[in-house]
file input-v1.cif (mmCIF, C-alpha atoms)
data_protein
#
loop_
_atom_site.label_atom_id
_atom_site.label_comp_id
_atom_site.auth_asym_id
_atom_site.auth_seq_id
_atom_site.Cartn_x
_atom_site.Cartn_y
_atom_site.Cartn_z
CA MET B 1 43.24 128.19 102.85
CA SER B 2 44.25 125.96 99.98
CA GLN B 3 41.86 124.73 97.29
CA GLU B 4 43.08 121.12 97.74
CA SER B 5 41.40 119.00 100.39
CA PRO B 6 43.34 118.50 103.63
CA VAL B 7 44.02 114.97 104.88
CA LEU B 8 42.85 116.11 108.31
CA ARG B 9 40.97 119.22 109.43
CA LEU B 10 40.59 120.05 113.13
CA GLY B 11 38.96 122.90 115.02
CA VAL B 12 41.12 123.87 118.00
CA ILE B 13 40.11 125.59 121.26
CA THR B 14 42.01 125.87 124.51
CA ASP B 15 41.60 127.39 127.96
CA PRO B 16 38.08 128.85 127.91
CA GLN B 17 38.24 128.66 131.74
CA TYR B 18 34.55 129.44 131.99
CA ALA B 19 33.14 130.29 135.41
CA ALA B 20 30.23 132.44 136.55
CA LEU B 21 32.70 134.80 138.21
CA PRO B 22 33.78 138.44 137.86
CA PRO B 23 36.91 139.04 135.75
CA HIS B 24 40.48 139.00 137.06
CA PRO B 25 41.77 142.41 135.88
CA GLN B 26 45.46 141.76 136.66
CA LEU B 27 45.50 138.59 134.53
CA ASN B 28 43.01 140.06 132.00
CA ARG B 29 40.87 136.92 132.33
CA HIS B 30 37.16 137.29 131.71
CA TYR B 31 35.70 133.96 132.87
CA ALA B 32 32.00 134.61 132.25
CA ARG B 33 32.68 135.95 128.72
CA SER B 34 33.99 132.55 127.61
CA LEU B 35 30.49 131.17 127.01
CA GLU B 36 29.87 133.78 124.32
CA LYS B 37 33.34 133.19 122.83
CA LEU B 38 32.71 129.43 122.78
CA SER B 39 29.40 130.07 121.04
CA GLN B 40 31.17 132.12 118.36
CA ALA B 41 33.74 129.35 117.83
CA VAL B 42 31.04 126.68 117.59
CA ASP B 43 29.07 128.78 115.07
CA CYS B 44 32.23 129.20 112.99
CA PHE B 45 33.18 125.51 113.15
CA ASN B 46 29.64 124.48 112.19
CA THR B 47 30.06 126.23 108.83
CA MET B 48 33.10 124.05 108.02
CA PRO B 49 33.72 120.41 107.10
CA LEU B 50 35.89 119.37 110.09
CA HIS B 51 36.95 115.87 111.09
CA ALA B 52 36.85 116.81 114.80
CA VAL B 53 37.05 119.70 117.25
CA VAL B 54 39.81 119.48 119.85
CA VAL B 55 39.68 121.24 123.22
CA LEU B 56 43.13 121.22 124.84
CA GLY B 57 42.04 121.62 128.46
CA ASP B 58 40.78 124.08 131.07
CA LEU B 59 37.16 124.18 129.97
CA ILE B 60 36.36 125.64 133.38
CA ASP B 61 38.30 127.85 135.76
CA ARG B 62 36.85 126.12 138.84
CA GLY B 63 33.62 124.64 140.21
CA PHE B 64 32.10 121.41 138.85
CA GLU B 65 28.78 123.20 138.19
CA ASN B 66 30.48 125.25 135.45
CA PHE B 67 30.97 122.19 133.21
CA ALA B 68 27.25 122.01 132.32
CA PRO B 69 26.95 125.35 130.45
CA VAL B 70 30.28 124.83 128.63
CA LEU B 71 29.39 121.31 127.53
CA ALA B 72 25.94 122.51 126.43
CA GLU B 73 27.69 124.95 124.06
CA LEU B 74 29.94 122.17 122.73
CA ASP B 75 26.87 119.95 122.27
CA ARG B 76 25.85 122.28 119.43
CA LEU B 77 28.87 121.15 117.39
CA ARG B 78 28.00 119.04 114.37
CA HIS B 79 31.46 117.43 114.56
CA PRO B 80 33.00 114.79 116.83
CA ARG B 81 34.97 116.31 119.67
CA ILE B 82 38.15 115.33 121.47
CA LEU B 83 38.40 116.79 124.98
CA LEU B 84 41.16 116.57 127.55
CA PRO B 85 41.42 118.21 130.98
CA GLY B 86 43.82 120.88 132.16
CA ASN B 87 44.82 121.80 135.69
CA HIS B 88 41.82 124.12 136.22
CA ASP B 89 39.34 121.34 135.33
CA PHE B 90 40.34 119.67 138.61
CA ALA B 91 39.56 122.78 140.72
CA VAL B 92 36.46 121.06 142.12
CA VAL B 93 35.51 119.52 145.46
CA GLN B 94 37.66 116.47 146.20
CA GLU B 95 34.67 114.10 146.00
CA ARG B 96 34.26 114.91 142.28
CA LEU B 97 37.90 114.58 141.15
CA GLY B 98 37.21 111.06 139.88
CA GLU B 99 34.41 112.31 137.58
CA ILE B 100 36.42 114.72 135.41
CA HIS B 101 37.40 112.30 132.61
CA GLN B 102 33.86 110.92 132.55
CA VAL B 103 32.20 114.35 132.26
CA LEU B 104 34.51 115.08 129.30
CA ALA B 105 33.39 111.76 127.70
CA MET B 106 36.98 110.50 127.51
CA PRO B 107 37.51 106.76 126.94
CA ALA B 108 40.59 106.93 129.21
CA PRO B 109 42.85 109.64 130.69
CA TYR B 110 45.35 108.90 127.90
CA HIS B 111 44.49 107.10 124.68
CA ASP B 112 44.86 107.25 120.92
CA LEU B 113 42.60 107.19 117.87
CA SER B 114 42.93 107.29 114.11
CA ILE B 115 41.25 109.79 111.77
CA ASN B 116 41.83 109.44 108.02
CA GLY B 117 44.98 107.41 108.68
CA ILE B 118 46.44 110.06 111.01
CA ARG B 119 47.10 108.83 114.55
CA ILE B 120 46.05 111.26 117.28
CA ILE B 121 47.56 110.57 120.70
CA VAL B 122 45.90 112.18 123.74
CA THR B 123 48.30 112.51 126.67
CA ASP B 124 47.58 113.12 130.36
CA GLY B 125 49.87 115.74 131.89
CA ASN B 126 47.78 115.80 135.08
CA GLU B 127 48.55 112.18 135.95
CA ILE B 128 51.26 113.06 138.49
CA SER B 129 50.12 116.32 140.07
CA LEU B 130 49.04 118.09 143.25
CA PHE B 131 45.52 118.90 142.02
CA ALA B 132 44.05 115.95 140.06
CA LEU B 133 44.31 113.39 142.85
CA ALA B 134 42.88 113.01 146.33
CA GLU B 135 45.05 113.32 149.44
CA GLY B 136 46.95 110.09 150.03
CA ASP B 137 46.88 108.93 146.41
CA PRO B 138 50.33 107.42 145.60
CA ARG B 139 50.56 109.55 142.45
CA ARG B 140 50.01 112.71 144.51
CA ILE B 141 52.76 111.61 146.89
CA GLU B 142 55.01 111.00 143.87
CA ALA B 143 54.12 114.49 142.60
CA GLN B 144 55.13 116.07 145.92
CA ALA B 145 58.50 114.31 145.82
CA ARG B 146 59.08 115.15 142.16
CA LEU B 147 58.17 118.81 142.64
CA ALA B 148 60.45 119.12 145.69
CA ALA B 149 63.37 117.64 143.73
CA MET B 150 62.72 120.00 140.80
CA LYS B 151 62.59 123.03 143.11
CA ALA B 152 65.85 121.95 144.75
CA ALA B 153 67.40 121.76 141.27
CA GLY B 154 66.11 125.24 140.41
CA ALA B 155 63.81 124.10 137.57
CA VAL B 156 61.80 127.08 136.24
CA ASN B 157 58.75 124.85 135.61
CA ALA B 158 58.69 123.56 139.21
CA MET B 159 55.21 125.00 139.72
CA ASP B 160 52.33 123.36 141.57
CA TRP B 161 50.00 124.34 138.68
CA ASN B 162 52.00 122.15 136.28
CA GLY B 163 51.98 118.35 136.28
CA GLY B 164 53.71 115.32 134.85
CA MET B 165 53.32 111.85 133.40
CA SER B 166 54.03 108.51 135.05
CA ALA B 167 56.78 106.21 133.81
CA SER B 168 54.08 103.85 132.53
CA GLN B 169 52.39 106.57 130.44
CA THR B 170 55.75 107.66 129.03
CA ALA B 171 56.53 104.06 128.05
CA TRP B 172 53.05 103.74 126.50
CA LEU B 173 53.64 106.90 124.45
CA ALA B 174 57.00 105.60 123.21
CA LEU B 175 55.30 102.34 122.17
CA ARG B 176 52.48 104.14 120.34
CA LEU B 177 55.05 106.20 118.41
CA LYS B 178 56.96 103.03 117.48
CA ASP B 179 53.73 101.39 116.30
CA ALA B 180 52.92 104.44 114.17
CA GLU B 181 56.41 104.44 112.66
CA ALA B 182 56.06 100.75 111.78
CA ALA B 183 52.65 101.43 110.18
CA GLY B 184 53.95 104.46 108.25
CA GLU B 185 51.47 106.74 110.05
CA LYS B 186 51.81 110.42 110.87
CA VAL B 187 51.13 111.33 114.50
CA ILE B 188 49.70 114.45 116.15
CA VAL B 189 50.09 114.45 119.94
CA LEU B 190 47.69 116.43 122.14
CA GLY B 191 48.44 117.65 125.66
CA HIS B 192 47.48 120.49 127.96
CA TYR B 193 51.02 121.51 128.91
CA PRO B 194 53.72 122.86 126.59
CA ILE B 195 56.89 120.76 126.26
CA HIS B 196 58.89 122.96 123.84
CA PRO B 197 60.12 125.72 123.80
CA PHE B 198 61.01 125.33 127.48
CA SER B 199 59.32 127.74 129.92
CA ASP B 200 57.82 127.98 133.40
CA HIS B 201 54.51 126.59 131.99
CA CYS B 202 56.04 123.35 130.73
CA LEU B 203 55.17 119.79 131.73
CA TRP B 204 57.46 118.55 134.48
CA GLN B 205 59.53 116.23 132.22
CA ALA B 206 59.04 118.45 129.18
CA GLU B 207 62.56 118.23 127.77
CA ASP B 208 62.60 114.41 127.77
CA LEU B 209 59.17 114.27 126.11
CA ALA B 210 60.12 116.87 123.50
CA ARG B 211 63.24 114.87 122.62
CA MET B 212 61.13 111.70 122.34
CA LEU B 213 58.73 113.33 119.88
CA ALA B 214 61.49 115.04 117.90
CA GLY B 215 63.27 111.69 117.68
CA SER B 216 60.25 109.99 116.12
CA PRO B 217 59.85 110.32 112.33
CA ALA B 218 56.11 109.73 112.85
CA ALA B 219 55.51 112.71 115.19
CA ILE B 220 54.73 115.77 113.08
CA ALA B 221 53.13 118.01 115.72
CA TYR B 222 52.39 118.51 119.41
CA LEU B 223 49.38 120.73 120.21
CA CYS B 224 48.81 122.28 123.64
CA GLY B 225 47.40 125.18 125.64
CA HIS B 226 48.07 126.19 129.29
CA ASP B 227 50.35 129.16 128.48
CA HIS B 228 47.66 131.60 127.41
CA ALA B 229 50.05 133.87 125.47
CA GLY B 230 50.63 131.08 122.94
CA ASN B 231 53.99 129.94 121.57
CA TYR B 232 55.65 127.95 118.80
CA GLY B 233 58.83 125.94 118.41
CA LEU B 234 60.45 123.45 116.05
CA LEU B 235 62.61 120.60 117.35
CA GLY B 236 63.93 118.17 114.78
CA ALA B 237 61.08 117.93 112.28
CA THR B 238 58.32 118.17 114.92
CA HIS B 239 56.22 121.33 115.28
CA PHE B 240 55.25 122.36 118.83
CA ILE B 241 52.20 124.66 118.76
CA ASN B 242 50.90 126.32 121.93
CA PHE B 243 47.48 127.85 121.19
CA CYS B 244 46.27 131.05 122.88
CA GLY B 245 43.87 130.96 125.85
CA MET B 246 40.28 131.85 125.00
CA VAL B 247 39.58 133.34 128.47
CA ASP B 248 42.03 136.23 128.05
CA THR B 249 40.73 139.72 127.16
CA GLU B 250 37.13 140.86 127.41
CA PHE B 251 36.09 140.70 123.76
CA ASP B 252 38.91 139.23 121.61
CA ASN B 253 38.37 135.56 120.88
CA ALA B 254 41.06 132.91 120.25
CA PHE B 255 40.54 129.64 118.36
CA ALA B 256 41.87 128.01 115.20
CA VAL B 257 41.37 125.60 112.34
CA LEU B 258 44.27 123.26 111.59
CA ASP B 259 44.56 121.77 108.10
CA LEU B 260 47.03 118.92 107.54
CA TYR B 261 48.31 118.34 103.99
CA PRO B 262 50.93 115.78 102.91
CA ASP B 263 53.68 118.45 102.86
CA ARG B 264 52.54 121.04 105.41
CA ILE B 265 50.30 122.16 108.27
CA GLU B 266 48.20 125.29 107.77
CA ILE B 267 46.67 126.99 110.81
CA GLU B 268 44.00 129.62 110.33
CA GLY B 269 43.87 131.69 113.49
CA PHE B 270 40.77 133.58 114.63
CA GLY B 271 40.91 136.58 116.99
CA ARG B 272 44.19 136.57 118.93
CA GLU B 273 45.33 133.23 117.47
CA GLN B 274 48.11 133.53 114.89
CA SER B 275 47.84 131.95 111.44
CA ARG B 276 50.80 129.73 110.48
CA ARG B 277 52.06 127.70 107.52
CA LEU B 278 54.42 124.96 108.69
CA ALA B 279 56.36 122.76 106.28
CA LEU B 280 56.60 119.03 106.93
#
call {"tool": "encode", "arguments": {"input": "input-v1.cif", "output": "structure tokens"}}
result
Amino acid sequence: MSQESPVLRLGVITDPQYAALPPHPQLNRHYARSLEKLSQAVDCFNTMPLHAVVVLGDLIDRGFENFAPVLAELDRLRHPRILLPGNHDFAVVQERLGEIHQVLAMPAPYHDLSINGIRIIVTDGNEISLFALAEGDPRRIEAQARLAAMKAAGAVNAMDWNGGMSASQTAWLALRLKDAEAAGEKVIVLGHYPIHPFSDHCLWQAEDLARMLAGSPAAIAYLCGHDHAGNYGLLGATHFINFCGMVDTEFDNAFAVLDLYPDRIEIEGFGREQSRRLAL
């Protein structure tokens, strides 16, 4: 890491998928081991001067009762935290679906904030989905229709474990980017689902969203999880960074520290997470 001070320094975790369950050998997911991995990440972050720690979704694999031990680990952080849910965070009994954003202490399912003059936009890729909403919810009905149309068109990301954004959220995001451009701010967008490079794990309208971000001079990076193998792409001048899932492998951890400088992003990867130096 550089000797100069970064404008913004974030700890990054994604997809711990904790659950008090035996491992899934075929997927190499070790759900119960994630508590110890989270503890290691928290211990590491607590030695550093960070502006915030970001968790990009899937704190749990399933079961509302599994939030408590994960959040207790995160409570040890001496930094503010920014949490957002992934698809697995909604694998709870239907009566508790409405509590997920509250248990993650989110001010709203999608929102933005400013840290050191950098605008951070939190998006909600679960808004139109088959898992985050109760039966009969209009957004779930919209999700069924959208998924059916995507499957008919042969879209590789037409999976029921992906989700999408409403037209109103997309319009809100476009407006927040315009506001940031007018204010001369740099923007980092957070989401659970990848949007570029395109793959079967991508958000349902990934290509449109990726073009929107790449078309904004304010948007310097999009950070996500969901695809546990991790990935990276550059579209226009926007960096798209898919961080590795913490739940994978029995003992190898995966988390990162992201440093933003005026001319670059430096990512220090721990465990399976790759280190990167990305020019702005």
call {"tool": "resolve_selection", "arguments": {"input": "input-v1.cif", "expression": "the PyMOL selection byres ((chain B and resi 212-227) around 7)", "output": "number ranges by chain"}}
result
B: 14-15, 56, 177, 180-181, 185-194, 201, 208-211, 228-230, 235-245
call {"tool": "resolve_selection", "arguments": {"input": "input-v1.cif", "expression": "the PyMOL selection byres ((chain B and resi 157) around 8)", "output": "number ranges by chain"}}
result
B: 155-156, 158-159, 162, 199-204
call {"tool": "write_last_selection", "arguments": {"input": "input-v1.cif", "atoms": "C-alpha atoms", "output": "short mmCIF file (atom, residue, chain, number, x, y, z; two decimals), in the frame of the given file"}}
result
data_model
loop_
_atom_site.label_atom_id
_atom_site.label_comp_id
_atom_site.auth_asym_id
_atom_site.auth_seq_id
_atom_site.Cartn_x
_atom_site.Cartn_y
_atom_site.Cartn_z
CA ALA B 155 63.81 124.10 137.57
CA VAL B 156 61.80 127.08 136.24
CA ALA B 158 58.69 123.56 139.21
CA MET B 159 55.21 125.00 139.72
CA ASN B 162 52.00 122.15 136.28
CA SER B 199 59.32 127.74 129.92
CA ASP B 200 57.82 127.98 133.40
CA HIS B 201 54.51 126.59 131.99
CA CYS B 202 56.04 123.35 130.73
CA LEU B 203 55.17 119.79 131.73
CA TRP B 204 57.46 118.55 134.48
#
call {"tool": "closest_residue", "arguments": {"input": "input-v1.cif", "among": "B:Val7, B:Ile267, B:Leu234, B:Leu278", "to": "Asn116 in chain B", "atoms": "only C-alpha atoms"}}
result
B:Val7
call {"tool": "resolve_selection", "arguments": {"input": "input-v1.cif", "expression": "the PyMOL selection byres ((chain B and resi 144) around 12)", "output": "PyMOL selection string"}}
result
chain B and resi 128-131+133+135-143+145-151+158-160+162-164+204
call {"tool": "atom_distance", "arguments": {"input": "input-v1.cif", "atom1": "CA of Phe67 in chain B", "atom2": "CA of Ile100 in chain B"}}
result
9.5 Å
call {"tool": "closest_residue", "arguments": {"input": "input-v1.cif", "among": "B:Ala134, B:Val122, B:Pro109, B:Val247", "to": "Arg96 in chain B", "atoms": "all atoms listed in the file"}}
result
B:Ala134
call {"tool": "closest_residue", "arguments": {"input": "input-v1.cif", "among": "B:Leu38, B:Ile195, B:Ile60, B:Val53", "to": "Leu21 in chain B", "atoms": "only C-alpha atoms"}}
result
B:Ile60
call {"tool": "atom_distance", "arguments": {"input": "input-v1.cif", "atom1": "CA of Ala108 in chain B", "atom2": "CA of Ile265 in chain B"}}
result
27.7 Å
call {"tool": "closest_residue", "arguments": {"input": "input-v1.cif", "among": "B:Arg272, B:Arg81, B:His51, B:Arg62", "to": "Ile118 in chain B", "atoms": "all atoms listed in the file"}}
result
B:His51
call {"tool": "atom_distance", "arguments": {"input": "input-v1.cif", "atom1": "CA of His30 in chain B", "atom2": "CA of Phe251 in chain B"}}
result
8.7 Å
